[in-house]
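J.: Okay, here's the structure, questions in a sec.
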Amino acid sequence: MFSNSLAFKTPRTRNHKIPVRGQKDFIPTGSDQQRDRLQQSLGEHWNLVSEWRGCEWNLVKAVWIPSDMIVELQSPAGKFWQTMGFSDHGKQCLHPEEALYLMECGNLQLFYQDLPLSIQEGYERFLYSKTMSIQHYQVFGHLKRLGYVVNRFDPSSVPSQYERQLNLPQSQDRSGRLPKRKRSHSPTSRIEEEKDCNREEEDKNPDSLPDLSAPDIDKIQTASHVDPTTSTEGGQGRSWWSKKGSRLPGQPQSSPRWDFSSIPFPDLGSRCWLPSSLTSPDPCLLPGAVGSVGACDVAPWLQRLNLREVRMSRREWERERDRDRYRRDINQDREVRRCRNWAEYQELQERRIQRSRRDRPAHLWEGPVTPLHDPAQVTSTGELLDKISVIKSTRLLEGESSLKGSEEWRICFNIYQPDTVAEFKKSAPGKPYSRMCVCSFDGPVPDLWTLKLLAFQSGDVPVTYAVLDHGDISFYSFKDFQIPTDVSF
Amino acid sequence: MDSPEQKITKTVSRVDASKESMANSRQVIGINFCGPTPLMWRADDLKSVRELGIIGTLVGSLARQPRQNTRLGRPLELLPEEGRLMADMGRAAVIPDSTNEDPEVNPEQVEQYHAGLENSFQEQGALALEDRKTTLMRVITEKHNENSGSQEDSDGAVRDRLEALAHGFSFPRTAMAVQLCTARAGLSHCPEVRRFLAADWPIPRDERSETRFRVFRDLRRQGFYLTSAGKFGGDYLVYPGDPLRFHAYFIVVCISMDESMPLCDVLAIARLGSNVKKTVLLCSSGGSQEDDGEEVVYTSLQWSGMV
């Protein structure tokens, strides 16, 4: 029970040790010894459970705002601000689950209508929605008590597959979407910043297209098979750098920067190319600070090129010959050379396929069911095995495009490891250690479709499933594993 | 833990227990729902409920050490079957949720709260001063014992120092300690009022919950203690005595009487049981919807070895 006589001493001097539970017995014998030990254990148990929670009076104070479902701090935040909370219009705010956790730790006093809230009231007021139910809070609390940094998952913060391939630098605070009527992660202006970041790759030189003066163009003798392509400058010959003369500053950035049809790439390795230097590029094509670059002397670079003939050993030469036995250079084919355009080439292909088909036995190939493979066609063992396989193995992230969202299953939290807490920055948290989905033993087991959906939503971060059982939590995760195939292609 | 304290706790708890058991027979325990989950918040309720054989699971942070997971604190989460059993016995009632009625700021209550804070502050300040005085006295008497000076001088000196302390002492507001309530204060803690406030226990709609409940009730009647067993692949863990002191005997899996269980599932659960050294109990209830009277059928699976 709370009493002032105890209160002024604690929390500094309170006994923080928890009594250790002893060994359990297997058979109840009804003996006095067992009963006494039980009483003692129970006694300790009730002592711990009924202890009062205290904090210092001048601790961080906050106010609950039900309309936004957030908690607004009234006094400056403490150490917890490094990993929890967010700023909204200059005020420090917390999500309800974060505030509840801090209350349980005795680090925060929460007020509503000028009266302090008890923890029970916190549970009843904050934990009734589908986004943050008592189950979610139990998982949240469990992980926070272990030391992990846990925050809410925002689907828009996961970079797409393409962005990951490009290895784009992550923009600051990508959770820029302002959901209606709910708490915001950051102001609206962030959305524009995000879009700009995405365009960055294409858009190196947005508004600074200066004079469109013709660059110095020296005549360069290039190899004979490169045809002179369209030149907008009245046939002055090709240059290493093409001019972006047709682009005006105000135009929308839809066309690609480089006009590849007019850029010849000099074949420095070719033996018949003997210029001494490459001309200087147009300064408007270079990044702003570089300015103009002089002509490039090619000779030292040519020295670095290995222009010697390849000398293969006999074994290598034989291997090459065997490989080339089946390789036909399509350009050597006379019929192909006669084709003047792509349509004619396709017709030729059709004719050839038809011709080869004429040799096939009709009873096999004319019916509704045809053989899987034509022996006359060249194929490898691997492809054949693929054709006769009944089940195809799949990777977890395959077929993402056909997955639609699910009402039942969703990722709730991002988890970061405890040892990163010292350097953790809320504005640039980095890649989470894992993402959490909360479910229960009473509900359905996640099927393959769900696993794929959540793995896809999470990107390259593994998903962990926290399964609740009336207060007990177990964690499961599924790993993608590829069975090795034993066939050389 | 020194032994004199232990002995005192023991005798006190015995005395209390007898008093409490008399009080409990009339007391109705309040259960609060947080969504679909039944919770209990008051420490006294937790105690009385344990005497009925209801264990539950603690799911909150422990007040003494909030940042660990080995021992948790209030609230106590109940199994739906536990709550329903208590409601059927008339020992518990659901307290309806009153958070959605949002009254205006209640100035009386706010005034009371601030007055209480002021009171605490004064009391704590006085206690702090007393504490300092006793420390000072102890220090002075120690020093006095060391150097044996003249009696009169030291008395006068002591009085002066005490006075100086009283004048110069200040107990800043920031040093005051305040209680963070776990359970909500208010009407719901009065047992008599609970009967009036009580709402109905939500009745489950499906066969599985019904089977689970009947199995629970039957095992409880036989004196066993039950907790949840999701981690062991079953519905309940059955203990011969209080789970604090005894290991579990059985893992209960509730299945419907008519349902046929594939052999692989039977093998899987049997292997699991043998790995954790517990007997698996397959339980089904009579099947029909009438209450009381139909029996629960038990089948135990135990690995006996090869012959």
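Residues in the structure tokens are numbered from 1 in each chain, the chains being A, B, ... in the order shown, and ligands are numbered from 1 in the order shown.
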Please, which residues of region 16-140 of chain A, numbered as in this document, come out strand (DSSP E or B) from DSSP, as JSON, numbers by chain?

T.: {"A": [25, 53, 54, 55, 56, 60, 61, 62, 63, 64, 65, 70, 71, 72, 73, 86, 87, 88, 91, 92, 93, 94, 108, 109, 110, 111, 112, 115, 116, 128, 133]}

J.: How would the residues just picked look written out with C-alpha atoms as a PDB file, in the first residue's frame?

T.:
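And here is the file that came out, result14.pdb:
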ATOM      1  CA  ASP A  25       8.155 -30.608  -6.953  1.00  0.00           C
ATOM      2  CA  ARG A  53       4.221   1.938  -8.482  1.00  0.00           C
ATOM      3  CA  GLY A  54       5.812   5.243  -7.745  1.00  0.00           C
ATOM      4  CA  CYS A  55       7.663   7.931  -9.524  1.00  0.00           C
ATOM      5  CA  GLU A  56       9.091  11.291  -8.698  1.00  0.00           C
ATOM      6  CA  VAL A  60       7.734  13.939 -17.384  1.00  0.00           C
ATOM      7  CA  LYS A  61       4.100  14.893 -17.630  1.00  0.00           C
ATOM      8  CA  ALA A  62       1.863  14.354 -20.598  1.00  0.00           C
ATOM      9  CA  VAL A  63      -1.703  14.783 -21.691  1.00  0.00           C
ATOM     10  CA  TRP A  64      -3.913  12.296 -23.526  1.00  0.00           C
ATOM     11  CA  ILE A  65      -5.732  13.620 -26.569  1.00  0.00           C
ATOM     12  CA  ILE A  70      -1.861  10.580 -29.259  1.00  0.00           C
ATOM     13  CA  VAL A  71      -0.192  11.678 -26.088  1.00  0.00           C
ATOM     14  CA  GLU A  72       1.308  15.150 -25.967  1.00  0.00           C
ATOM     15  CA  LEU A  73       4.191  15.868 -23.629  1.00  0.00           C
ATOM     16  CA  PHE A  86       7.710  11.907 -32.692  1.00  0.00           C
ATOM     17  CA  SER A  87       7.381  15.620 -33.216  1.00  0.00           C
ATOM     18  CA  ASP A  88       4.201  17.127 -34.479  1.00  0.00           C
ATOM     19  CA  LYS A  91       5.239  19.478 -29.860  1.00  0.00           C
ATOM     20  CA  GLN A  92       6.705  16.275 -28.565  1.00  0.00           C
ATOM     21  CA  CYS A  93       4.225  13.436 -28.863  1.00  0.00           C
ATOM     22  CA  LEU A  94       4.031   9.744 -28.130  1.00  0.00           C
ATOM     23  CA  LEU A 108       5.737   9.228 -17.271  1.00  0.00           C
ATOM     24  CA  GLN A 109       2.694  10.722 -15.627  1.00  0.00           C
ATOM     25  CA  LEU A 110      -0.295  10.928 -17.905  1.00  0.00           C
ATOM     26  CA  PHE A 111      -3.138  13.343 -17.324  1.00  0.00           C
ATOM     27  CA  TYR A 112      -6.590  13.487 -18.827  1.00  0.00           C
ATOM     28  CA  LEU A 115      -6.534  14.114 -13.362  1.00  0.00           C
ATOM     29  CA  PRO A 116      -3.821  11.465 -13.481  1.00  0.00           C
ATOM     30  CA  TYR A 128      -9.373  -1.029 -28.113  1.00  0.00           C
ATOM     31  CA  SER A 133      -5.204  -3.978 -29.361  1.00  0.00           C
TER      32      SER A 133
END

J.: What's the separation between CA of Leu219 (chain B) and CA of Val296 (chain B), in Å to one decimal place?

T.: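 Interatomic distance, CA of Leu219 (chain B) to CA of Val296 (chain B): 9.3 Å.
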
J.: With the cut-off set at 10 Å and counting only C-alpha atoms, tabulate each residue of region 104-151 of chain B with an atom at most that distance from an atom of region 163-179 of chain B, showing the nearest atom pair and its distance in Å to one decimal, ordered by chain and increasing number, as JSON lines.

T.:
{"residue": "B:Leu117", "atom": "CA", "partner": "B:Val178", "partner_atom": "CA", "distance": 8.1}
{"residue": "B:Glu118", "atom": "CA", "partner": "B:Arg173", "partner_atom": "CA", "distance": 9.6}
{"residue": "B:Ser120", "atom": "CA", "partner": "B:Met176", "partner_atom": "CA", "distance": 8.1}
{"residue": "B:Phe121", "atom": "CA", "partner": "B:Met176", "partner_atom": "CA", "distance": 6.3}
{"residue": "B:Gln122", "atom": "CA", "partner": "B:Phe171", "partner_atom": "CA", "distance": 9.0}
{"residue": "B:Glu123", "atom": "CA", "partner": "B:Met176", "partner_atom": "CA", "distance": 9.9}
{"residue": "B:Gln124", "atom": "CA", "partner": "B:Met176", "partner_atom": "CA", "distance": 7.0}
{"residue": "B:Gly125", "atom": "CA", "partner": "B:Phe171", "partner_atom": "CA", "distance": 5.4}
{"residue": "B:Ala126", "atom": "CA", "partner": "B:Phe171", "partner_atom": "CA", "distance": 8.5}
{"residue": "B:Leu127", "atom": "CA", "partner": "B:Phe171", "partner_atom": "CA", "distance": 9.9}
{"residue": "B:Ala128", "atom": "CA", "partner": "B:Phe171", "partner_atom": "CA", "distance": 7.4}
{"residue": "B:Leu129", "atom": "CA", "partner": "B:Phe169", "partner_atom": "CA", "distance": 7.2}
{"residue": "B:Glu130", "atom": "CA", "partner": "B:Ala166", "partner_atom": "CA", "distance": 9.5}
{"residue": "B:Arg132", "atom": "CA", "partner": "B:Leu165", "partner_atom": "CA", "distance": 8.4}
{"residue": "B:Lys133", "atom": "CA", "partner": "B:Leu165", "partner_atom": "CA", "distance": 7.7}
{"residue": "B:Leu136", "atom": "CA", "partner": "B:Leu165", "partner_atom": "CA", "distance": 9.0}

J.: Could the residues of region 380-437 of chain A that have an atom at most 10 Å from region 153-170 of chain A be listed as JSON lines, each with its closest atom pair and the distance in Å to one decimal, counting only C-alpha atoms and ordered by chain and ascending residue number?

T.:
{"residue": "A:Arg410", "atom": "CA", "partner": "A:Phe153", "partner_atom": "CA", "distance": 9.5}
{"residue": "A:Ile411", "atom": "CA", "partner": "A:Phe153", "partner_atom": "CA", "distance": 6.6}
{"residue": "A:Cys412", "atom": "CA", "partner": "A:Phe153", "partner_atom": "CA", "distance": 5.3}
{"residue": "A:Phe413", "atom": "CA", "partner": "A:Phe153", "partner_atom": "CA", "distance": 4.6}
{"residue": "A:Asn414", "atom": "CA", "partner": "A:Phe153", "partner_atom": "CA", "distance": 5.5}
{"residue": "A:Ile415", "atom": "CA", "partner": "A:Phe153", "partner_atom": "CA", "distance": 9.2}
{"residue": "A:Ala428", "atom": "CA", "partner": "A:Gln170", "partner_atom": "CA", "distance": 8.5}
{"residue": "A:Gly430", "atom": "CA", "partner": "A:Gln170", "partner_atom": "CA", "distance": 8.5}
{"residue": "A:Lys431", "atom": "CA", "partner": "A:Val158", "partner_atom": "CA", "distance": 9.3}
{"residue": "A:Arg435", "atom": "CA", "partner": "A:Phe153", "partner_atom": "CA", "distance": 7.9}
{"residue": "A:Met436", "atom": "CA", "partner": "A:Phe153", "partner_atom": "CA", "distance": 8.7}
{"residue": "A:Cys437", "atom": "CA", "partner": "A:Phe153", "partner_atom": "CA", "distance": 10.0}

J.: Pull N, CA, C and O atoms from the residues just selected and write them as a CSV table (one decimal), in the first residue's frame.

T.:
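Listing of part-v4.csv after writing:
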chain,number,residue,atom,x,y,z
A,410,ARG,N,-1.4,-8.5,-41.1
A,410,ARG,CA,-0.6,-7.3,-41.5
A,410,ARG,C,0.6,-7.2,-40.5
A,410,ARG,O,0.6,-7.7,-39.4
A,411,ILE,N,1.6,-6.5,-41.0
A,411,ILE,CA,2.8,-6.3,-40.2
A,411,ILE,C,2.6,-5.1,-39.3
A,411,ILE,O,2.1,-4.1,-39.7
A,412,CYS,N,2.9,-5.3,-38.0
A,412,CYS,CA,2.6,-4.2,-37.1
A,412,CYS,C,3.8,-3.4,-36.7
A,412,CYS,O,3.7,-2.2,-36.5
A,413,PHE,N,4.9,-4.0,-36.5
A,413,PHE,CA,6.1,-3.3,-35.9
A,413,PHE,C,7.3,-3.5,-36.6
A,413,PHE,O,7.6,-4.5,-37.2
A,414,ASN,N,8.2,-2.5,-36.5
A,414,ASN,CA,9.6,-2.7,-36.9
A,414,ASN,C,10.4,-2.9,-35.6
A,414,ASN,O,10.2,-2.2,-34.6
A,415,ILE,N,11.4,-3.8,-35.7
A,415,ILE,CA,12.2,-4.1,-34.5
A,415,ILE,C,13.6,-3.8,-34.8
A,415,ILE,O,14.1,-4.3,-35.8
A,428,ALA,N,16.7,8.6,-39.1
A,428,ALA,CA,17.3,7.7,-40.0
A,428,ALA,C,17.5,6.3,-39.3
A,428,ALA,O,18.6,6.0,-38.9
A,430,GLY,N,17.4,3.3,-40.3
A,430,GLY,CA,18.1,2.2,-41.0
A,430,GLY,C,17.2,1.0,-41.2
A,430,GLY,O,16.0,1.1,-40.9
A,431,LYS,N,17.8,-0.1,-41.6
A,431,LYS,CA,17.0,-1.3,-41.9
A,431,LYS,C,16.7,-2.0,-40.6
A,431,LYS,O,17.6,-2.2,-39.8
A,435,ARG,N,10.6,-7.6,-38.7
A,435,ARG,CA,9.3,-7.0,-38.6
A,435,ARG,C,8.4,-8.0,-38.0
A,435,ARG,O,8.5,-9.2,-38.2
A,436,MET,N,7.4,-7.5,-37.2
A,436,MET,CA,6.6,-8.3,-36.4
A,436,MET,C,5.2,-8.4,-36.9
A,436,MET,O,4.6,-7.3,-37.2
A,437,CYS,N,4.6,-9.6,-36.9
A,437,CYS,CA,3.2,-9.7,-37.2
A,437,CYS,C,2.6,-10.4,-36.0
A,437,CYS,O,3.1,-11.4,-35.5

J.: Which residue, B:Leu272, B:Cys254, B:Val105, B:Ala93, has the smallest gap to Val297 (chain B) when you use only C-alpha atoms?

T.: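 Result for the nearest residue to Val297 (chain B): B:Cys254.
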
J.: So that I can see what lies close to Pro243 (chain B), please list as a short mmCIF file (atom, residue, chain, number, x, y, z; two decimals) with C-alpha atoms, in the first residue's frame the residues with an atom at most 12 Å from it, counting only C-alpha atoms and leaving out residues fewer than 4 positions away in the same chain.

T.:
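Contents of the output file around_19.cif:
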data_model
loop_
_atom_site.label_atom_id
_atom_site.label_comp_id
_atom_site.auth_asym_id
_atom_site.auth_seq_id
_atom_site.Cartn_x
_atom_site.Cartn_y
_atom_site.Cartn_z
CA ARG A 21 11.83 -19.14 -7.61
CA GLN A 23 12.85 -25.91 -7.76
CA LYS A 24 9.43 -27.34 -8.33
CA ASP A 25 8.16 -30.61 -6.95
CA PHE A 26 6.64 -33.33 -9.02
CA ILE A 27 4.18 -35.08 -6.73
CA PRO A 28 2.02 -33.34 -4.17
CA LEU A 38 3.97 -23.02 -1.14
CA SER A 41 6.26 -18.69 -2.61
CA LEU A 42 2.75 -17.34 -2.64
CA ARG B 50 -6.27 -18.02 -6.71
CA GLY B 53 -8.07 -22.37 -8.31
CA ILE B 54 -7.95 -19.72 -11.03
CA ILE B 55 -4.36 -18.95 -11.99
CA GLY B 56 -4.44 -16.72 -15.05
CA THR B 57 -1.35 -15.05 -16.52
CA PHE B 224 -6.59 -29.68 -10.75
CA TYR B 225 -5.10 -26.31 -11.61
CA LEU B 226 -5.13 -25.36 -15.28
CA THR B 227 -3.20 -22.88 -17.37
CA SER B 228 -2.91 -22.28 -21.09
CA LEU B 237 -1.65 -27.67 -18.91
CA VAL B 238 -2.89 -29.58 -15.89
CA TYR B 239 -1.15 -29.28 -12.51
CA HIS B 247 5.21 -29.46 -12.53
CA ALA B 248 2.39 -30.13 -14.95
CA TYR B 249 1.07 -33.67 -15.38
#

J.: Looking at B:Leu46, B:Leu72, B:Leu78, B:Ile251, which one is nearest to Cys34 (chain B), with distances taken over only C-alpha atoms?

T.: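 Closest residue, counting only C-alpha atoms: B:Leu78.
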
J.: Write out as a CSV table (one decimal) with C-alpha atoms, in the first residue's frame the residues lying within 8 Å of Val421 (chain A), counting only C-alpha atoms and excluding same-chain residues fewer than 4 positions away.

T.:
chain,number,residue,atom,x,y,z
A,83,THR,CA,14.1,5.9,-29.5
A,149,VAL,CA,13.6,-0.5,-30.2
A,417,GLN,CA,18.3,-4.6,-32.0

J.: Please extract the residues of region 35-281 of chain B with a backbone DSSP assignment of alpha helix (DSSP H) and present them as number ranges by chain.

T.: B: 43-51, 80-89, 107-146, 151-168, 191-197, 207-221, 263-275
